[in-house]
$ cat entry11.tsv   # TSV, C-alpha atoms
chain	number	residue	atom	x	y	z
A	167	MET	CA	3.91	-42.07	-57.46
A	168	SER	CA	3.24	-39.67	-60.31
A	169	ALA	CA	5.63	-36.82	-61.10
A	170	ILE	CA	5.32	-33.03	-60.95
A	171	ALA	CA	6.77	-31.01	-63.81
A	172	ILE	CA	8.10	-27.55	-62.94
A	173	ILE	CA	9.22	-24.81	-65.31
A	174	ASN	CA	11.17	-22.55	-62.98
A	175	TYR	CA	12.27	-18.94	-63.22
A	176	GLY	CA	13.07	-17.83	-59.65
A	177	ALA	CA	16.82	-17.82	-59.06
A	178	LYS	CA	16.43	-18.62	-55.36
A	179	ASN	CA	13.48	-21.02	-55.39
A	180	ASP	CA	14.16	-24.01	-53.16
A	181	TYR	CA	11.66	-26.66	-54.24
A	182	ALA	CA	13.09	-29.26	-51.87
A	183	ARG	CA	12.08	-26.92	-49.04
A	184	MET	CA	8.79	-25.76	-50.57
A	185	LEU	CA	7.56	-29.21	-51.64
A	186	PRO	CA	9.46	-31.64	-49.36
A	187	GLU	CA	6.80	-34.38	-49.58
A	188	ARG	CA	7.19	-34.52	-53.35
A	189	ALA	CA	10.86	-33.54	-53.80
A	190	SER	CA	11.79	-36.95	-55.25
A	191	ASP	CA	8.95	-36.67	-57.77
A	192	LEU	CA	9.98	-33.29	-59.21
A	193	VAL	CA	11.05	-32.91	-62.83
A	194	VAL	CA	12.47	-29.39	-63.01
A	195	PHE	CA	13.60	-27.29	-65.96
A	196	SER	CA	15.05	-23.98	-64.80
A	197	HIS	CA	15.92	-20.59	-66.30
A	198	HIS	CA	18.47	-20.14	-63.48
A	199	ASP	CA	20.86	-22.75	-62.17
A	200	LEU	CA	19.35	-23.78	-58.83
A	201	LYS	CA	20.93	-25.17	-55.70
A	202	SER	CA	19.53	-28.06	-53.63
A	203	THR	CA	18.42	-30.17	-56.60
A	204	GLU	CA	19.92	-33.53	-55.57
A	205	GLU	CA	16.60	-34.94	-54.36
A	206	PHE	CA	14.74	-34.27	-57.62
A	207	ALA	CA	13.72	-37.04	-60.00
A	208	TYR	CA	15.26	-34.92	-62.76
A	209	TYR	CA	16.78	-31.45	-62.98
A	210	GLU	CA	18.13	-29.48	-65.90
A	211	TYR	CA	19.39	-25.94	-66.12
A	212	VAL	CA	18.20	-24.54	-69.45
A	213	PRO	CA	19.71	-21.17	-70.41
A	214	ASP	CA	16.99	-18.82	-71.65
A	215	CYS	CA	14.43	-21.41	-70.59
A	216	GLU	CA	11.51	-18.98	-70.79
A	217	LEU	CA	12.47	-18.05	-74.37
A	218	VAL	CA	13.08	-21.49	-75.89
A	219	PRO	CA	10.57	-24.39	-76.25
A	220	TYR	CA	12.90	-27.10	-74.96
A	221	ALA	CA	11.18	-27.55	-71.57
A	222	GLU	CA	7.79	-28.01	-73.22
A	223	LEU	CA	9.20	-30.54	-75.69
A	224	SER	CA	11.00	-32.47	-72.96
A	225	ILE	CA	8.00	-32.67	-70.62
A	226	LEU	CA	5.73	-33.88	-73.42
A	227	GLU	CA	8.28	-36.48	-74.51
A	228	ARG	CA	8.74	-37.68	-70.93
A	229	ALA	CA	4.98	-37.95	-70.52
A	230	THR	CA	5.01	-41.00	-72.82
A	231	ALA	CA	6.76	-42.93	-70.05
A	232	THR	CA	6.06	-40.80	-66.94
A	233	ASP	CA	2.71	-40.16	-65.31
A	234	PHE	CA	2.56	-36.45	-64.48
A	235	SER	CA	-0.01	-35.29	-61.93
A	236	HIS	CA	0.73	-31.55	-62.13
A	237	VAL	CA	2.52	-29.03	-64.34
A	238	ILE	CA	3.36	-25.80	-62.50
A	239	THR	CA	5.44	-22.67	-63.00
A	240	ASP	CA	6.36	-19.64	-60.92
A	241	ASN	CA	6.91	-17.55	-64.05
A	242	GLU	CA	4.33	-15.27	-65.64
A	243	TYR	CA	5.94	-15.77	-69.05
A	244	ASP	CA	5.44	-19.54	-68.78
A	245	LEU	CA	1.78	-19.56	-67.72
A	246	GLU	CA	0.50	-20.14	-71.24
A	247	ARG	CA	3.11	-22.80	-71.93
A	248	ALA	CA	2.24	-24.69	-68.72
A	249	ALA	CA	-1.44	-24.47	-69.64
A	250	ARG	CA	-0.73	-25.94	-73.10
A	251	ILE	CA	1.14	-28.85	-71.55
A	252	ARG	CA	-1.68	-29.53	-69.09
A	253	ALA	CA	-4.21	-29.47	-71.91
A	254	ARG	CA	-2.21	-32.03	-73.91
A	255	LEU	CA	-1.81	-34.28	-70.87
A	256	GLY	CA	-5.39	-33.87	-69.66
A	257	LEU	CA	-4.38	-32.33	-66.31
A	258	SER	CA	-6.29	-29.87	-64.17
A	259	GLY	CA	-5.14	-26.31	-63.62
A	260	GLN	CA	-5.32	-22.97	-65.37
A	261	SER	CA	-6.58	-23.25	-68.94
A	262	GLU	CA	-4.91	-21.74	-72.00
A	263	ALA	CA	-7.75	-19.23	-72.37
A	264	SER	CA	-7.48	-18.14	-68.74
A	265	ALA	CA	-3.70	-17.79	-68.93
A	266	ALA	CA	-3.95	-15.72	-72.11
A	267	SER	CA	-6.50	-13.35	-70.57
A	268	PHE	CA	-4.07	-12.53	-67.75
A	269	ARG	CA	-1.04	-12.26	-70.05
A	270	ASP	CA	-2.22	-10.19	-73.03
A	271	LYS	CA	-2.85	-6.68	-71.74
A	272	VAL	CA	-5.29	-5.81	-74.54
A	273	LEU	CA	-7.35	-8.94	-73.93
A	274	MET	CA	-7.01	-8.38	-70.19
A	275	LYS	CA	-8.51	-4.92	-70.38
A	276	GLN	CA	-11.26	-6.08	-72.74
A	277	VAL	CA	-12.28	-8.74	-70.23
A	278	ALA	CA	-11.93	-6.57	-67.11
A	279	SER	CA	-13.89	-3.68	-68.64
A	280	LYS	CA	-17.04	-5.78	-68.18
A	281	THR	CA	-16.92	-5.22	-64.42
A	282	VAL	CA	-14.55	-2.30	-63.65
A	283	ARG	CA	-13.28	0.89	-65.21
A	284	VAL	CA	-10.14	0.72	-67.33
A	285	PRO	CA	-8.13	3.47	-69.07
A	286	ARG	CA	-8.80	4.04	-72.74
A	287	PHE	CA	-6.55	1.70	-74.71
A	288	ARG	CA	-5.92	0.21	-78.13
A	289	GLY	CA	-3.81	-2.50	-79.73
A	290	LEU	CA	-1.35	-1.13	-82.29
A	291	ASN	CA	-0.71	-2.55	-85.73
A	292	HIS	CA	1.19	0.46	-87.12
A	293	ILE	CA	2.10	4.07	-86.39
A	294	GLY	CA	-1.18	5.27	-87.87
A	295	ASP	CA	-3.08	3.52	-85.07
A	296	LEU	CA	-0.94	5.38	-82.54
A	297	MET	CA	-1.54	8.71	-84.27
A	298	GLU	CA	-5.30	8.13	-84.26
A	299	PHE	CA	-5.32	7.24	-80.57
A	300	ILE	CA	-3.33	10.37	-79.66
A	301	GLY	CA	-5.75	12.39	-81.73
A	302	GLU	CA	-8.64	10.96	-79.70
A	303	VAL	CA	-7.22	11.18	-76.16
A	304	GLY	CA	-4.33	13.65	-76.42
A	305	TYR	CA	-0.93	13.53	-74.74
A	306	PRO	CA	0.51	11.92	-72.68
A	307	VAL	CA	0.04	8.30	-73.68
A	308	VAL	CA	1.81	5.09	-72.66
A	309	VAL	CA	3.08	2.64	-75.28
A	310	LYS	CA	4.06	-0.82	-74.07
A	311	PRO	CA	4.28	-4.46	-75.17
A	312	ARG	CA	1.14	-6.50	-74.67
A	313	LYS	CA	2.90	-9.32	-72.79
A	314	GLN	CA	5.85	-7.67	-71.04
A	315	GLY	CA	6.37	-7.07	-67.32
A	316	GLY	CA	8.55	-5.25	-64.80
A	317	SER	CA	8.05	-1.88	-66.58
A	318	ARG	CA	10.30	-3.15	-69.38
A	319	ASP	CA	10.17	-1.47	-72.80
A	320	ILE	CA	7.53	1.07	-71.76
A	321	THR	CA	7.54	4.51	-73.39
A	322	VAL	CA	5.59	7.56	-72.23
A	323	LEU	CA	4.94	9.99	-75.09
A	324	ARG	CA	4.21	13.55	-73.97
A	325	SER	CA	4.53	15.56	-77.18
A	326	SER	CA	4.71	15.37	-80.96
A	327	SER	CA	8.51	15.64	-80.79
A	328	GLU	CA	8.64	12.55	-78.55
A	329	LEU	CA	6.33	10.77	-80.98
A	330	GLU	CA	8.74	11.61	-83.80
A	331	ARG	CA	11.70	10.24	-81.81
A	332	PHE	CA	9.69	7.10	-81.07
A	333	SER	CA	8.98	6.67	-84.78
A	334	ARG	CA	12.73	6.36	-85.44
A	335	LEU	CA	12.92	3.24	-83.26
A	336	ARG	CA	12.37	-0.25	-84.57
A	337	TRP	CA	8.66	-1.03	-84.56
A	338	ARG	CA	7.48	-4.00	-82.52
A	339	GLU	CA	4.53	-6.11	-83.58
A	340	ASP	CA	3.24	-6.60	-80.02
A	341	LEU	CA	2.47	-3.05	-78.92
A	342	MET	CA	-0.52	-1.39	-77.34
A	343	VAL	CA	-1.23	2.16	-76.18
A	344	GLU	CA	-3.30	3.54	-73.34
A	345	GLU	CA	-4.01	6.93	-71.87
A	346	PHE	CA	-1.69	8.13	-69.13
A	347	VAL	CA	-3.40	8.09	-65.74
A	348	PRO	CA	-1.85	10.38	-63.10
A	349	GLY	CA	-1.80	9.66	-59.40
A	350	PRO	CA	-0.60	6.83	-57.15
A	351	ILE	CA	-0.60	3.17	-58.15
A	352	LEU	CA	-2.00	0.70	-55.64
A	353	HIS	CA	-1.55	-3.05	-55.69
A	354	VAL	CA	-3.21	-6.16	-54.30
A	355	ASP	CA	-1.32	-9.40	-53.77
A	356	ALA	CA	-3.31	-12.53	-53.13
A	357	VAL	CA	-3.46	-16.30	-53.11
A	358	LEU	CA	-6.88	-17.85	-53.69
A	359	ALA	CA	-8.10	-21.43	-53.64
A	360	GLU	CA	-11.39	-23.11	-52.75
A	361	ASP	CA	-10.69	-23.00	-49.01
A	362	TYR	CA	-7.94	-20.40	-48.94
A	363	ARG	CA	-7.96	-16.61	-49.24
A	364	LEU	CA	-5.07	-14.28	-48.47
A	365	ILE	CA	-5.34	-10.62	-49.50
A	366	SER	CA	-2.65	-7.97	-48.97
A	367	SER	CA	-3.28	-4.40	-50.14
A	368	SER	CA	-0.49	-1.88	-50.72
A	369	ARG	CA	0.59	1.28	-52.50
A	370	TYR	CA	3.76	1.82	-54.49
A	371	LEU	CA	5.87	4.50	-52.89
A	372	ARG	CA	6.26	5.96	-56.39
A	373	THR	CA	5.32	4.74	-59.86
A	374	PRO	CA	7.41	1.67	-60.77
A	375	LEU	CA	8.16	3.23	-64.15
A	376	GLY	CA	10.13	5.98	-62.40
A	377	VAL	CA	12.95	3.54	-61.61
A	378	LEU	CA	14.03	3.73	-65.25
A	379	GLY	CA	14.45	7.47	-64.77
A	380	GLY	CA	16.58	7.10	-61.64
A	381	ILE	CA	13.78	7.43	-59.07
A	382	ASN	CA	13.78	5.16	-56.00
A	383	ASN	CA	10.75	2.96	-55.51
A	384	GLY	CA	9.11	0.67	-53.01
A	385	SER	CA	5.81	-0.46	-51.55
A	386	LEU	CA	3.93	0.17	-48.33
A	387	GLN	CA	1.10	-1.99	-47.08
A	388	PHE	CA	-2.25	-0.74	-45.90
A	389	HIS	CA	-3.40	-2.13	-42.59
A	390	PRO	CA	-6.45	-4.27	-43.46
A	391	ASP	CA	-8.62	-2.01	-41.27
A	392	GLU	CA	-7.77	1.07	-43.35
A	393	PRO	CA	-10.60	2.16	-45.70
A	394	THR	CA	-8.40	1.97	-48.80
A	395	ALA	CA	-7.57	-1.68	-48.06
A	396	LYS	CA	-11.24	-2.55	-47.88
A	397	GLU	CA	-11.95	-0.58	-51.06
A	398	LEU	CA	-9.16	-2.41	-52.89
A	399	GLU	CA	-10.42	-5.83	-51.81
A	400	VAL	CA	-13.85	-5.06	-53.23
A	401	PHE	CA	-12.28	-3.82	-56.48
A	402	PHE	CA	-10.10	-6.94	-56.66
A	403	ASP	CA	-13.14	-9.21	-56.42
A	404	GLN	CA	-14.93	-7.16	-59.07
A	405	VAL	CA	-11.98	-7.56	-61.45
A	406	LEU	CA	-11.76	-11.31	-60.92
A	407	SER	CA	-15.48	-11.74	-61.50
A	408	ALA	CA	-14.89	-10.96	-65.19
A	409	PHE	CA	-12.26	-13.68	-65.72
A	410	GLU	CA	-12.17	-17.44	-66.09
A	411	LEU	CA	-10.29	-18.36	-62.94
A	412	PRO	CA	-8.06	-21.37	-62.27
A	413	PRO	CA	-8.84	-23.53	-59.19
A	414	VAL	CA	-5.73	-22.11	-57.50
A	415	SER	CA	-3.71	-19.01	-58.28
A	416	ALA	CA	-1.69	-16.16	-56.93
A	417	TYR	CA	-2.60	-12.70	-58.20
A	418	HIS	CA	-0.84	-9.37	-58.54
A	419	LEU	CA	-3.26	-6.53	-59.28
A	420	GLU	CA	-2.15	-2.97	-60.01
A	421	VAL	CA	-4.68	-0.16	-59.76
A	422	PHE	CA	-4.61	3.49	-60.79
A	423	GLN	CA	-6.04	5.96	-58.27
A	424	PRO	CA	-6.35	9.30	-60.10
A	425	ARG	CA	-8.24	10.75	-57.13
A	426	PRO	CA	-9.52	9.44	-53.77
A	427	GLY	CA	-12.43	7.03	-54.21
A	428	GLU	CA	-11.74	6.45	-57.91
A	429	LEU	CA	-10.03	3.24	-59.07
A	430	LEU	CA	-9.10	2.07	-62.58
A	431	LEU	CA	-7.47	-1.20	-63.55
A	432	CYS	CA	-3.82	-0.91	-64.52
A	433	GLU	CA	-3.01	-4.64	-64.90
A	434	ILE	CA	-3.64	-7.98	-63.24
A	435	ALA	CA	-1.42	-11.05	-63.43
A	436	SER	CA	-2.17	-14.58	-62.23
A	437	ARG	CA	1.15	-14.98	-60.42
A	438	ALA	CA	2.78	-13.76	-57.23
A	439	GLY	CA	4.07	-10.21	-57.05
A	440	GLY	CA	7.80	-9.75	-57.50
A	441	ALA	CA	10.67	-7.70	-56.08
A	442	ARG	CA	10.15	-7.06	-52.34
A	443	ILE	CA	6.41	-7.84	-52.32
A	444	PRO	CA	6.76	-11.48	-51.13
A	445	MET	CA	9.12	-10.28	-48.37
A	446	ILE	CA	6.80	-7.67	-46.90
A	447	THR	CA	3.81	-10.01	-47.24
A	448	ARG	CA	5.67	-12.73	-45.34
A	449	ALA	CA	6.76	-10.22	-42.68
A	450	THR	CA	3.18	-9.10	-42.02
A	451	TYR	CA	1.13	-12.26	-42.56
A	452	ASP	CA	3.73	-15.03	-42.10
A	453	VAL	CA	2.74	-16.41	-45.51
A	454	ASP	CA	5.13	-17.15	-48.36
A	455	LEU	CA	3.21	-16.23	-51.51
A	456	VAL	CA	5.10	-18.48	-53.92
A	457	SER	CA	5.34	-21.65	-51.85
A	458	THR	CA	1.71	-21.34	-50.72
A	459	TRP	CA	0.57	-20.90	-54.32
A	460	LEU	CA	2.61	-23.85	-55.58
A	461	ARG	CA	1.69	-26.17	-52.69
A	462	LEU	CA	-2.00	-25.49	-53.18
A	463	SER	CA	-1.57	-26.01	-56.94
A	464	CYS	CA	-0.14	-29.49	-56.20
A	465	GLY	CA	-2.87	-30.40	-53.74
A	466	LEU	CA	-0.53	-30.20	-50.76
A	467	PRO	CA	-1.62	-28.89	-47.34
A	468	VAL	CA	-0.83	-25.37	-46.15
A	469	ARG	CA	-1.47	-23.56	-42.90
A	470	PRO	CA	-4.86	-21.79	-42.83
A	471	ALA	CA	-4.81	-18.22	-44.06
A	472	PRO	CA	-4.63	-15.68	-41.21
A	473	THR	CA	-8.04	-14.51	-40.04
A	474	THR	CA	-7.02	-11.81	-37.56
A	475	ALA	CA	-5.60	-8.41	-38.44
A	476	PRO	CA	-1.82	-8.06	-37.98
A	477	ASP	CA	-0.37	-5.88	-35.24
A	478	GLN	CA	1.90	-4.16	-37.76
A	479	VAL	CA	2.35	-3.85	-41.50
A	480	HIS	CA	5.50	-3.51	-43.57
A	481	GLY	CA	6.98	-1.61	-46.47
A	482	ALA	CA	10.21	-1.50	-48.42
A	483	VAL	CA	12.22	1.14	-50.26
A	484	ALA	CA	14.76	0.23	-52.93
A	485	MET	CA	17.56	2.59	-53.92
A	486	VAL	CA	18.00	2.78	-57.67
A	487	PRO	CA	21.44	1.94	-59.11
A	488	PRO	CA	23.15	5.34	-59.41
A	489	GLY	CA	25.00	4.66	-62.67
A	490	ARG	CA	28.39	5.22	-61.06
A	491	ALA	CA	30.68	3.20	-58.85
A	492	VAL	CA	29.62	3.44	-55.20
A	493	ARG	CA	29.81	1.35	-52.07
A	494	PRO	CA	26.37	0.28	-50.84
A	495	PRO	CA	25.50	2.03	-47.56
A	496	SER	CA	25.69	0.16	-44.27
A	497	ARG	CA	22.49	-0.90	-42.50
A	498	PRO	CA	20.39	2.14	-41.49
A	499	PRO	CA	20.47	2.81	-37.71
A	500	PHE	CA	16.72	2.61	-37.00
A	501	ASP	CA	15.16	-0.08	-34.81
A	502	TRP	CA	12.10	-0.23	-37.07
A	503	VAL	CA	14.21	-1.38	-40.03
A	504	THR	CA	13.51	-5.12	-40.00
A	505	ASP	CA	15.70	-6.15	-42.93
A	506	TYR	CA	18.39	-4.60	-45.11
A	507	GLN	CA	19.91	-6.19	-48.20
A	508	VAL	CA	22.59	-5.14	-50.67
A	509	ASN	CA	22.40	-6.30	-54.30
A	510	GLU	CA	25.54	-8.40	-54.53
A	511	GLN	CA	24.88	-9.14	-58.20
A	512	LEU	CA	25.02	-5.49	-59.30
A	513	SER	CA	27.94	-4.59	-61.52
A	514	ALA	CA	29.91	-1.38	-61.02
A	515	GLY	CA	28.26	1.63	-62.66
A	516	ALA	CA	25.03	-0.24	-63.46
A	517	THR	CA	21.80	1.61	-64.21
A	518	ALA	CA	18.20	0.44	-63.75
A	519	GLN	CA	17.00	-2.05	-66.37
A	520	ASN	CA	13.49	-2.68	-64.99
A	521	SER	CA	11.29	-1.87	-62.01
A	522	THR	CA	13.07	-4.39	-59.76
A	523	SER	CA	16.58	-2.93	-60.28
A	524	HIS	CA	18.22	-1.77	-57.04
A	525	LEU	CA	21.50	-1.02	-55.31
A	526	CYS	CA	20.07	-1.94	-51.90
A	527	TYR	CA	16.76	-2.00	-50.09
A	528	ALA	CA	15.40	-1.63	-46.56
A	529	VAL	CA	12.25	-3.17	-45.08
A	530	VAL	CA	10.49	-1.24	-42.31
A	531	ARG	CA	7.55	-1.89	-39.98
A	532	GLY	CA	4.79	0.43	-38.82
A	533	ALA	CA	1.29	0.59	-37.42
A	534	ASP	CA	-0.33	1.65	-40.69
A	535	SER	CA	0.42	3.07	-44.13
A	536	VAL	CA	0.86	6.61	-42.77
A	537	GLU	CA	3.61	5.59	-40.36
A	538	LEU	CA	5.17	3.33	-42.99
A	539	GLU	CA	5.44	6.13	-45.53
A	540	ARG	CA	7.04	8.48	-43.00
A	541	ARG	CA	9.61	5.84	-42.03
A	542	LEU	CA	10.31	4.82	-45.62
A	543	LEU	CA	11.03	8.41	-46.58
A	544	GLN	CA	13.26	8.82	-43.51
A	545	VAL	CA	15.34	5.74	-44.29
A	546	GLU	CA	15.49	6.71	-47.95
A	547	ARG	CA	16.98	10.11	-47.02
A	548	TRP	CA	19.55	8.40	-44.77
A	549	LEU	CA	20.58	5.97	-47.51
A	550	GLN	CA	20.72	8.71	-50.15
A	551	ASP	CA	22.92	10.85	-47.91
A	552	GLU	CA	25.28	7.91	-47.50
A	553	ILE	CA	25.45	7.43	-51.28
A	554	ASP	CA	25.86	11.15	-52.02
A	555	ALA	CA	28.63	11.49	-49.44
A	556	GLN	CA	30.81	9.23	-51.55
A	557	GLY	CA	30.79	11.70	-54.43
A	558	SER	CA	32.58	10.03	-57.32
A	559	THR	CA	34.39	7.54	-55.09
A	560	THR	CA	35.03	4.32	-56.92
A	561	GLY	CA	34.23	0.90	-55.58
A	562	ALA	CA	30.78	-0.52	-56.22
A	563	ALA	CA	29.02	-3.63	-55.11
A	564	GLU	CA	30.68	-6.60	-56.76
A	565	GLU	CA	29.65	-10.20	-56.89

$ encode --input "entry11.tsv" --output "structure tokens"
Amino acid sequence: MSAIAIINYGAKNDYARMLPERASDLVVFSHHDLKSTEEFAYYEYVPDCELVPYAELSILERATATDFSHVITDNEYDLERAARIRARLGLSGQSEASAASFRDKVLMKQVASKTVRVPRFRGLNHIGDLMEFIGEVGYPVVVKPRKQGGSRDITVLRSSSELERFSRLRWREDLMVEEFVPGPILHVDAVLAEDYRLISSSRYLRTPLGVLGGINNGSLQFHPDEPTAKELEVFFDQVLSAFELPPVSAYHLEVFQPRPGELLLCEIASRAGGARIPMITRATYDVDLVSTWLRLSCGLPVRPAPTTAPDQVHGAVAMVPPGRAVRPPSRPPFDWVTDYQVNEQLSAGATAQNSTSHLCYAVVRGADSVELERRLLQVERWLQDEIDAQGSTTGAAEE
């Protein structure tokens, strides 16, 4: 039987469990050292795999003697690379052009602006471009890399003094700028294929960028019968109508809502949402976003997407690393907390490095987004009180 090449990023992905029918056909190159790899046809842990071309070279070299049927990845940063490999091997899947349109935020907004509203934006070649854009739209503005994720390396400029401080930093050649859009950020998480459609609509508890400033974050789902959920699904379809779409993909769409009834595209990625999003989606719809996406991409069967509305929806709140040594709180004493996890990998005194950074997180259930938000704020207060009560006590979460 032909082989399946995988360029992996997820530290906990269990491909023997996700793709058991094809486990012995898997050729896996991984950014993280995985467990449960004994069944694979080949496995190699490649440090910095997403940053070095070794996996691409090795797959193409192996293709001279191995018949590959699929090349897949769970990693947004490897979408273009996987598409290049497929193109060279004549395999179906997302094209290079499609992958690029979901990766490059300037190109993404150029494409999406054909069907939906987007913030004013511009690619940056030099500081003069940034000055001109600020002159046109005013402060604040958001400067960020065109192909980065997780709120990494994003700068909000609110004044000329902040612009001057920014000008003293090393200039990157991959920057863009867009106007700052106030208000909540909503998100849609989906898996789509010819005979499969799962849509989950949510709102971030607070802007993901706030984590870098020490603000806790999370997500709360809308019940599919709520008007905002229906509005988001329509907007999601309008966004996708502008793009060249792969036969199968997961999607993570982020949407600005400056006022009720008004939606603007923030970003869309052709991959599953990260952090706690897969967990709350699985809790509500009993669907694993990543394994469903990858199984469909390999032509393997999955259970039909749910067609009835769930009885309850879920949300999660993550406590930001406090930057001092603390013991993670114990599990909150509420019966509607369905899961509680401590970040065992967090070093003592750590601070947030990206939007997924956390000391601990709690998952809660509720009838709708209103009840979820009330419960998330209640559990957040309980956890924060537990952290604050320690004062400067030493002893943080260790590996």

$ residues_near_point --input "entry11.tsv" --point "(-3.7, -0.8, -57.3)" --cutoff "9 Å" --atoms "all atoms listed in the file" --output "list in words"
Pro350, Ile351, Leu352, His353, Val354, Ser367, Ser368, Arg369, Tyr370, Leu398, Phe402, Leu419, Glu420, Val421, Phe422, Gln423, Leu429, Leu430, Leu431, Cys432 and Glu433 of chain A

$ residues_around --input "entry11.tsv" --residues "Arg497 in chain A" --least-positions-apart "3" --cutoff "9 Å" --atoms "all atoms listed in the file" --output "list in words"
Phe500, Val503, Asp505, Tyr506, Gln507, Ala528 and Leu549 of chain A

$ write_last_selection --input "entry11.tsv" --atoms "C-alpha atoms" --output "compact mmCIF listing (two decimals), keeping the file's coordinate frame"
# COMPACT_ATOMS: atom_id res chain seq x y z
CA PHE A 500 16.72 2.61 -37.00
CA VAL A 503 14.21 -1.38 -40.03
CA ASP A 505 15.70 -6.15 -42.93
CA TYR A 506 18.39 -4.60 -45.11
CA GLN A 507 19.91 -6.19 -48.20
CA ALA A 528 15.40 -1.63 -46.56
CA LEU A 549 20.58 5.97 -47.51

$ atom_distance --input "entry11.tsv" --atom1 "CA of Pro348 in chain A" --atom2 "CA of Ser535 in chain A"
20.5 Å

$ residues_around --input "entry11.tsv" --residues "Phe206 in chain A" --least-positions-apart "5" --cutoff "8 Å" --atoms "all atoms listed in the file" --output "PyMOL selection string"
chain A and resi 182+189-194

$ atom_distance --input "entry11.tsv" --atom1 "CA of Asp554 in chain A" --atom2 "CA of Pro488 in chain A"
9.8 Å

$ residues_around --input "entry11.tsv" --residues "range 176-178 of chain A" --least-positions-apart "5" --cutoff "8 Å" --atoms "all atoms listed in the file" --output "list in words"
His197, His198, Asp199, Leu200, Lys201, Asp240 and Asn241 of chain A

$ atom_distance --input "entry11.tsv" --atom1 "CA of Ala266 in chain A" --atom2 "CA of Leu329 in chain A"
29.8 Å

$ residues_around --input "entry11.tsv" --residues "Gln404 in chain A" --least-positions-apart "4" --cutoff "7 Å" --atoms "all atoms listed in the file" --output "mmCIF file with C-alpha atoms, keeping the file's coordinate frame"
data_model
loop_
_atom_site.group_PDB
_atom_site.id
_atom_site.type_symbol
_atom_site.label_atom_id
_atom_site.label_comp_id
_atom_site.auth_asym_id
_atom_site.auth_seq_id
_atom_site.Cartn_x
_atom_site.Cartn_y
_atom_site.Cartn_z
ATOM 1 C CA THR A 281 -16.920 -5.220 -64.420
ATOM 2 C CA VAL A 282 -14.550 -2.300 -63.650
ATOM 3 C CA VAL A 400 -13.850 -5.060 -53.230
#

$ closest_residue --input "entry11.tsv" --among "A:Leu375, A:Leu296, A:Met342, A:Ala471" --to "Tyr362 in chain A" --atoms "only C-alpha atoms"
A:Ala471

$ closest_residue --input "entry11.tsv" --among "A:Asp391, A:Pro467, A:Val308, A:Lys275" --to "Glu187 in chain A" --atoms "all atoms listed in the file"
A:Pro467

$ residues_around --input "entry11.tsv" --residues "Ala438 in chain A" --least-positions-apart "2" --cutoff "8 Å" --atoms "all atoms listed in the file" --output "PyMOL selection string"
chain A and resi 240+355-357+416-418+435-436+440+444+455-456

$ decode --input "entry11.tsv" --residues "range 299-307 of chain A" --atoms "N, CA, C and O atoms" --output "PDB file, in the first residue's frame"
ATOM      1  N   PHE A 299       0.773  55.491   6.319  1.00  0.00           N
ATOM      2  CA  PHE A 299      -0.463  54.826   6.727  1.00  0.00           C
ATOM      3  C   PHE A 299      -1.042  55.496   7.968  1.00  0.00           C
ATOM      4  O   PHE A 299      -2.250  55.758   8.043  1.00  0.00           O
ATOM      5  N   ILE A 300      -0.189  55.807   8.944  1.00  0.00           N
ATOM      6  CA  ILE A 300      -0.665  56.498  10.151  1.00  0.00           C
ATOM      7  C   ILE A 300      -1.227  57.864   9.793  1.00  0.00           C
ATOM      8  O   ILE A 300      -2.244  58.304  10.355  1.00  0.00           O
ATOM      9  N   GLY A 301      -0.595  58.521   8.837  1.00  0.00           N
ATOM     10  CA  GLY A 301      -1.113  59.809   8.399  1.00  0.00           C
ATOM     11  C   GLY A 301      -2.492  59.702   7.779  1.00  0.00           C
ATOM     12  O   GLY A 301      -3.307  60.621   7.879  1.00  0.00           O
ATOM     13  N   GLU A 302      -2.785  58.565   7.150  1.00  0.00           N
ATOM     14  CA  GLU A 302      -4.079  58.363   6.492  1.00  0.00           C
ATOM     15  C   GLU A 302      -5.166  57.939   7.468  1.00  0.00           C
ATOM     16  O   GLU A 302      -6.305  58.415   7.377  1.00  0.00           O
ATOM     17  N   VAL A 303      -4.840  57.035   8.425  1.00  0.00           N
ATOM     18  CA  VAL A 303      -5.887  56.470   9.274  1.00  0.00           C
ATOM     19  C   VAL A 303      -5.811  56.948  10.711  1.00  0.00           C
ATOM     20  O   VAL A 303      -6.779  56.831  11.462  1.00  0.00           O
ATOM     21  N   GLY A 304      -4.659  57.493  11.134  1.00  0.00           N
ATOM     22  CA  GLY A 304      -4.487  57.932  12.504  1.00  0.00           C
ATOM     23  C   GLY A 304      -4.134  56.794  13.441  1.00  0.00           C
ATOM     24  O   GLY A 304      -4.077  55.632  13.043  1.00  0.00           O
ATOM     25  N   TYR A 305      -3.879  57.147  14.700  1.00  0.00           N
ATOM     26  CA  TYR A 305      -3.600  56.154  15.735  1.00  0.00           C
ATOM     27  C   TYR A 305      -4.920  55.662  16.335  1.00  0.00           C
ATOM     28  O   TYR A 305      -5.912  56.399  16.302  1.00  0.00           O
ATOM     29  N   PRO A 306      -4.927  54.445  16.918  1.00  0.00           N
ATOM     30  CA  PRO A 306      -3.847  53.446  16.967  1.00  0.00           C
ATOM     31  C   PRO A 306      -3.812  52.599  15.704  1.00  0.00           C
ATOM     32  O   PRO A 306      -4.807  52.525  14.971  1.00  0.00           O
ATOM     33  N   VAL A 307      -2.663  51.964  15.476  1.00  0.00           N
ATOM     34  CA  VAL A 307      -2.514  51.012  14.380  1.00  0.00           C
ATOM     35  C   VAL A 307      -1.837  49.754  14.921  1.00  0.00           C
ATOM     36  O   VAL A 307      -1.208  49.776  15.975  1.00  0.00           O
TER      37      VAL A 307
END
